[in-house]
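*Asks:* My structure is below; once you've seen it, I'll send some questions.
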Amino acid sequence: MSDPISALINLQFSPAVPIPEHLVGEVQSKLAYVDEAIRSARIAPSGDQITLEIQEGAANRQDAIQEKVQRVVHSMVKGAFKPKIQVLEDHLDRPVIFDRDPMEELAARGEVSQEADGIFSLGPMLTRLIAYFEGHFEHLAATFEAVPYRFPTLIPARYLERVNYFRSFPHSLTFVTHLREDLDAIDHFALHAACDEHGLNVPAESFSRIKTLLSPAVCYHLYFTLADSTLQSGSLAATAVGNCFRYESSNLASLERLWNFTMREVIFVGSKDYVLENREIARQRMMPVLEELGLAYRVESATDPFFVGEFRKQAAFQSAFQLKFEIRARLPFKDSTLAVGSYNYHQDFFGRHLNIQLPDGSPAHTGCVAFGLERMAFAFLAQYGLDSENWPSSVRQAVNG
Ligand code: AMP
Ligand code: ZN
């Protein structure tokens with residue numbers, strides 16, 4: 001972590017190759033991970049200027065930092081082509097009544113309490129609002145007769161390794177450890193452990209080797225329960241809600257981008273047709289729900305935030321095969337959109353890597369519909385404000401009782 005009290009200096013330079021408009025956001029979000037001294041990174045919307053705020057103490061490493069930034073630019077931009085964005089639903093102009101950032105008022109009312117960057121406790125109104133959204137998602141799951149699961153918050157490293165997660169999303173991993181089984185290390189910790197502005201002052205040798213991480217997604221757990229077996233029924237619909245963790249560095253911001261968030265998923269495992277058909281049915285069944293919420297949103301094709309080296313190839317692949325669509329809600333206060341959910345198709349990726357077979361011996365296809373619960377609430381409040389008398393009546397009645 002960066003030192004919160006040191007002074008900052010500005011570093012401004014041009015990217016080695018111009019960054020096309022459609023990649024500005026993707027590249028900018030990766031710059032947070034380039035160097036610990038970077039406190040913020042901005043790329044001009046035109047893509048021709050990069051501005052970094054770096055800690056003063058790193059002033060003598062400016063050239064090295066700049067060189068690393070250029071490596072990111074090269075890798076993500078060179079040879080990239082503009083994906084064709086496919087819009088499946090467009091209700092962005094649905095009239096909404098609020099245009100401020102709800103965070104300040106949420107904090108003033110005790111509805112959010114920040115424990116650390118990207119880690120928030122939520123109060124009664126947010127909790128009720130999320131329970132109301134959850135009711136809709138559980139109903140959606142029930143229409144598929146999806147069976148319920150509960151998954152752990154931790155996930156073994158070897159599971160993530162098996163599905164190439166380390167290569168695709170190394171930057172966002174969160175590792176779990178514990179003190180080694182060693183009396184001296186534990187005694188030393190008990191007597192001397194203390195926190196300073198850098199965190200715990202404990203030597204790295206006191207901690208065990210990492211075998212476990214915090215889980216970055218819900219549906220992976222289902223695929224691991226099915227690994228190395230044949231899905232006798234030929235198809236499966238399941239649902240679960242769970243804590244997910246994605247370390248987003250200095251991109252962590254309000255309820256928009258959390259380190260620890262919750263996701264509700266409806267998950268499909270079966271043949272290609274079964275998964276694709278149900279993903280589409282789920283999207284259609286969500287349309288009246290989003291209408292009842294009065295949400296201004298759009299559903300459009302998207303790609304996952306793969307890390308630098310993997311980005312170009314994997315994003316092009318996802319977009320060519322239309323593997324991901326996002327529900328992007330309007331955030332009126334910043335004139336932008338935020339993904340509150342996604343409709344995903346993984347082809348037979350998990351079926352092949354985890355040896356999940358269909359009765360005919362072929363690898364299973366998988367897909368999931370995933371909703372970010374905190375983001376749903378945040379986007380709704382960004383469009384309707386905190387006073388429930390201004391909310392669409394169905395939401396008001398459900399939340400106020
Ligand atoms: P994904 O699997 O990346 O499509 O994520 C599914 C949903 O989880 C997204 O549409 C968001 O609503 C939510 N989500 C993903 N990352 C975060 C985050 N860092 N903070 C809050 N919500 C998130
Ligand atoms: Zn999923």
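Ordered as shown in the structure tokens, chains take letters A, B, and onward, while each chain numbers its residues from 1 and ligands are numbered from 1 in the order shown.
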Give me, as a tab-separated table, the closest atom pair and its distance (Å, one decimal) for every residue of region 252-347 of chain A within a cut-off of 12 Å of region 82-106 of chain A, counting only C-alpha atoms, rows sorted by chain and rising number.
*Replies:*
residue	atom	partner	partner_atom	distance
A:Ala253	CA	A:Met103	CA	10.2
A:Ser254	CA	A:Met103	CA	6.9
A:Leu255	CA	A:Met103	CA	7.8
A:Glu256	CA	A:Met103	CA	9.8
A:Glu280	CA	A:Leu88	CA	10.6
A:Arg283	CA	A:Leu88	CA	9.6
A:Gln284	CA	A:Glu89	CA	9.8
A:Met286	CA	A:Glu89	CA	11.1
A:Met287	CA	A:Glu89	CA	8.7
A:Pro288	CA	A:His91	CA	11.9
A:Leu290	CA	A:His91	CA	9.6
A:Glu291	CA	A:His91	CA	9.0
A:Glu292	CA	A:Arg94	CA	11.7
A:Leu293	CA	A:Val96	CA	10.7
A:Gly294	CA	A:Arg94	CA	7.4
A:Leu295	CA	A:Arg94	CA	7.2
A:Ala296	CA	A:Leu92	CA	4.6
A:Tyr297	CA	A:Leu92	CA	4.5
A:Arg298	CA	A:Asp90	CA	4.4
A:Val299	CA	A:Glu89	CA	5.0
A:Glu300	CA	A:Val87	CA	4.3
A:Ser301	CA	A:Gln86	CA	5.2
A:Ala302	CA	A:Ile85	CA	7.4
A:Thr303	CA	A:Pro83	CA	9.6
A:Arg312	CA	A:Lys82	CA	10.7
A:Lys313	CA	A:Pro83	CA	11.9
A:Ala315	CA	A:Pro83	CA	8.8
A:Ala316	CA	A:Pro83	CA	7.1
A:Phe317	CA	A:Pro83	CA	10.0
A:Gln318	CA	A:Pro83	CA	9.8
A:Ser319	CA	A:Pro83	CA	6.5
A:Ala320	CA	A:Pro83	CA	7.9
A:Phe321	CA	A:Pro83	CA	11.1
A:Gln322	CA	A:Gln86	CA	8.6
A:Leu323	CA	A:Gln86	CA	11.6
A:Lys324	CA	A:Gln86	CA	10.5
A:Phe325	CA	A:Leu88	CA	8.6
A:Glu326	CA	A:Val87	CA	9.7
A:Ile327	CA	A:Glu89	CA	8.9
A:Arg328	CA	A:Leu92	CA	8.8
A:Ala329	CA	A:Leu92	CA	7.5
A:Arg330	CA	A:Leu92	CA	6.4
A:Leu331	CA	A:Asp99	CA	7.9
A:Pro332	CA	A:Asp99	CA	5.0
A:Phe333	CA	A:Asp99	CA	4.7
A:Lys334	CA	A:Asp101	CA	8.0
A:Asp335	CA	A:Asp99	CA	9.1
A:Ser336	CA	A:Leu92	CA	10.3
A:Thr337	CA	A:Leu92	CA	9.0
A:Leu338	CA	A:Leu92	CA	11.6
A:Tyr343	CA	A:Leu88	CA	11.5
*Asks:* Return as a list in words the residues of protein, DNA or RNA that approach ligand 2 to within 9 Å, with only C-alpha atoms and all ligand atoms taken into account.
*Replies:*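 Selection of residues at most 9 Å from ligand 2: Ala217, Val218, Cys219, Tyr220, Met263, Arg264, Glu265, Val266, Ile267, Ser342, Tyr343, Asn344, Tyr345, Thr366, Gly367, Cys368, Val369 and Ala370 of chain A.
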*Asks:* Distance limit 6 Å, reference ligand 1, atoms considered: only C-alpha atoms and all ligand atoms. Which residues make the cut? Give them as a PDB file with N, CA and C atoms, in the first residue's frame.
*Replies:*
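Listing of out.pdb after writing:
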ATOM      1  N   ARG A 246     -12.446  -8.664  -5.214  1.00  0.00           N
ATOM      2  CA  ARG A 246     -11.577  -8.279  -6.326  1.00  0.00           C
ATOM      3  C   ARG A 246     -10.826  -7.032  -5.896  1.00  0.00           C
ATOM      4  N   GLU A 256     -19.462   1.950  -5.784  1.00  0.00           N
ATOM      5  CA  GLU A 256     -19.318   1.634  -7.209  1.00  0.00           C
ATOM      6  C   GLU A 256     -18.327   0.508  -7.437  1.00  0.00           C
ATOM      7  N   ARG A 257     -17.227   0.570  -6.716  1.00  0.00           N
ATOM      8  CA  ARG A 257     -16.151  -0.396  -6.969  1.00  0.00           C
ATOM      9  C   ARG A 257     -15.606  -0.840  -5.622  1.00  0.00           C
ATOM     10  N   LEU A 258     -15.950  -2.053  -5.247  1.00  0.00           N
ATOM     11  CA  LEU A 258     -15.624  -2.555  -3.918  1.00  0.00           C
ATOM     12  C   LEU A 258     -14.570  -3.651  -3.988  1.00  0.00           C
ATOM     13  N   TRP A 259     -13.886  -3.836  -2.873  1.00  0.00           N
ATOM     14  CA  TRP A 259     -12.964  -4.966  -2.760  1.00  0.00           C
ATOM     15  C   TRP A 259     -13.785  -6.201  -2.372  1.00  0.00           C
ATOM     16  N   PHE A 261     -17.621  -7.503  -2.226  1.00  0.00           N
ATOM     17  CA  PHE A 261     -18.997  -7.218  -2.628  1.00  0.00           C
ATOM     18  C   PHE A 261     -19.789  -8.534  -2.684  1.00  0.00           C
ATOM     19  N   MET A 263     -22.591 -11.036  -4.756  1.00  0.00           N
ATOM     20  CA  MET A 263     -23.128 -11.349  -6.066  1.00  0.00           C
ATOM     21  C   MET A 263     -24.188 -12.439  -5.920  1.00  0.00           C
ATOM     22  N   ALA A 339     -21.869  -1.196 -14.599  1.00  0.00           N
ATOM     23  CA  ALA A 339     -22.407  -2.558 -14.768  1.00  0.00           C
ATOM     24  C   ALA A 339     -23.005  -3.039 -13.451  1.00  0.00           C
ATOM     25  N   VAL A 340     -24.292  -3.342 -13.460  1.00  0.00           N
ATOM     26  CA  VAL A 340     -24.929  -3.861 -12.245  1.00  0.00           C
ATOM     27  C   VAL A 340     -25.190  -5.369 -12.361  1.00  0.00           C
ATOM     28  N   GLY A 341     -24.999  -5.895 -13.545  1.00  0.00           N
ATOM     29  CA  GLY A 341     -25.193  -7.328 -13.728  1.00  0.00           C
ATOM     30  C   GLY A 341     -24.631  -7.772 -15.057  1.00  0.00           C
ATOM     31  N   SER A 342     -24.507  -9.120 -15.224  1.00  0.00           N
ATOM     32  CA  SER A 342     -23.995  -9.600 -16.512  1.00  0.00           C
ATOM     33  C   SER A 342     -24.618 -10.942 -16.873  1.00  0.00           C
ATOM     34  N   ALA A 370     -25.309 -12.884 -13.425  1.00  0.00           N
ATOM     35  CA  ALA A 370     -24.734 -12.414 -12.150  1.00  0.00           C
ATOM     36  C   ALA A 370     -25.156 -10.985 -11.864  1.00  0.00           C
ATOM     37  N   PHE A 371     -25.618 -10.752 -10.612  1.00  0.00           N
ATOM     38  CA  PHE A 371     -26.012  -9.401 -10.220  1.00  0.00           C
ATOM     39  C   PHE A 371     -25.134  -8.938  -9.063  1.00  0.00           C
ATOM     40  N   GLY A 372     -24.611  -7.720  -9.165  1.00  0.00           N
ATOM     41  CA  GLY A 372     -23.841  -7.118  -8.075  1.00  0.00           C
ATOM     42  C   GLY A 372     -24.822  -6.381  -7.170  1.00  0.00           C
ATOM     43  N   ARG A 375     -24.030  -2.729  -6.133  1.00  0.00           N
ATOM     44  CA  ARG A 375     -24.123  -1.836  -7.300  1.00  0.00           C
ATOM     45  C   ARG A 375     -25.561  -1.606  -7.728  1.00  0.00           C
TER      46      ARG A 375
END
*Asks:* Taking 4 positions as the minimum chain separation for residues in the same chain, which residues sit within 10 Å of region 209-212 of chain A when counting only C-alpha atoms? Answer as number ranges by chain.
*Replies:* A: 154-160, 174-180, 204-205
*Asks:* Output C-alpha atoms for every residue in that selection, as a tab-separated table (two decimals), in the first residue's frame.
*Replies:*
chain	number	residue	atom	x	y	z
A	154	LEU	CA	-12.45	-19.03	0.58
A	155	ILE	CA	-11.27	-20.85	-2.52
A	156	PRO	CA	-8.23	-23.13	-2.88
A	157	ALA	CA	-5.37	-21.77	-4.99
A	158	ARG	CA	-5.22	-24.99	-6.96
A	159	TYR	CA	-8.84	-24.53	-8.06
A	160	LEU	CA	-8.13	-21.09	-9.49
A	174	THR	CA	-6.79	-11.51	-2.63
A	175	PHE	CA	-4.67	-14.02	-0.74
A	176	VAL	CA	-5.40	-15.71	2.57
A	177	THR	CA	-2.78	-16.80	5.04
A	178	HIS	CA	-2.37	-17.59	8.75
A	179	LEU	CA	0.50	-17.77	11.18
A	180	ARG	CA	2.73	-20.77	10.63
A	204	ALA	CA	6.50	-12.18	6.15
A	205	GLU	CA	8.25	-15.38	7.39
*Asks:* Could you state the separation of CA of Pro20 (chain A) and CA of Asn251 (chain A) in Å, given to one decimal place?
*Replies:* 20.5 Å
*Asks:* Quick one: residues within 7 Å of region 59-71 of chain A, only C-alpha atoms, excluding same-chain residues fewer than 6 positions away - as a JSON list (two decimals) with N, CA and C atoms, in the first residue's frame?
*Replies:*
[["chain", "number", "residue", "atom", "x", "y", "z"],
["A", 15, "PRO", "N", 1.28, 8.89, -24.38],
["A", 15, "PRO", "CA", 1.47, 7.45, -24.56],
["A", 15, "PRO", "C", 2.29, 7.18, -25.82],
["A", 16, "ALA", "N", 3.06, 6.08, -25.79],
["A", 16, "ALA", "CA", 3.94, 5.73, -26.92],
["A", 16, "ALA", "C", 3.13, 5.55, -28.20],
["A", 31, "LEU", "N", -3.44, 1.11, -14.93],
["A", 31, "LEU", "CA", -2.28, 1.91, -14.50],
["A", 31, "LEU", "C", -2.15, 1.94, -12.98],
["A", 34, "VAL", "N", 0.57, -0.45, -11.83],
["A", 34, "VAL", "CA", 1.90, -0.38, -12.44],
["A", 34, "VAL", "C", 3.00, -0.20, -11.40],
["A", 35, "ASP", "N", 2.72, 0.60, -10.37],
["A", 35, "ASP", "CA", 3.77, 0.89, -9.39],
["A", 35, "ASP", "C", 3.10, 1.34, -8.09]]
*Asks:* What is the distance between CA of Gln397 (chain A) and CA of Ile130 (chain A), in Å to one decimal?
*Replies:*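 Rounded to one decimal, the two atoms are 14.0 Å apart.
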*Asks:* Could you name the residues that touch Ile19 (chain A) at 7 Å or less, counting only C-alpha atoms, but leaving out those on the same chain fewer than 4 positions away, as a list in words?
*Replies:*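 The filter keeps Leu23, Val24, Gly47, Asp48 and Val77 of chain A.
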*Asks:* Rank A:Ser40, A:Asp117, A:Ala190, A:Glu111 by their smallest atom-to-atom distance to Leu129 (chain A), using only C-alpha atoms, and report the top residue only.
*Replies:*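 Among the listed residues, the smallest separation from Leu129 (chain A) belongs to A:Glu111.
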*Asks:* When you count only C-alpha atoms, which of these residues is closest to Thr262 (chain A): A:Phe311, A:Phe245, A:Phe166, A:Tyr132?
*Replies:*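 Closest candidate: A:Phe245.
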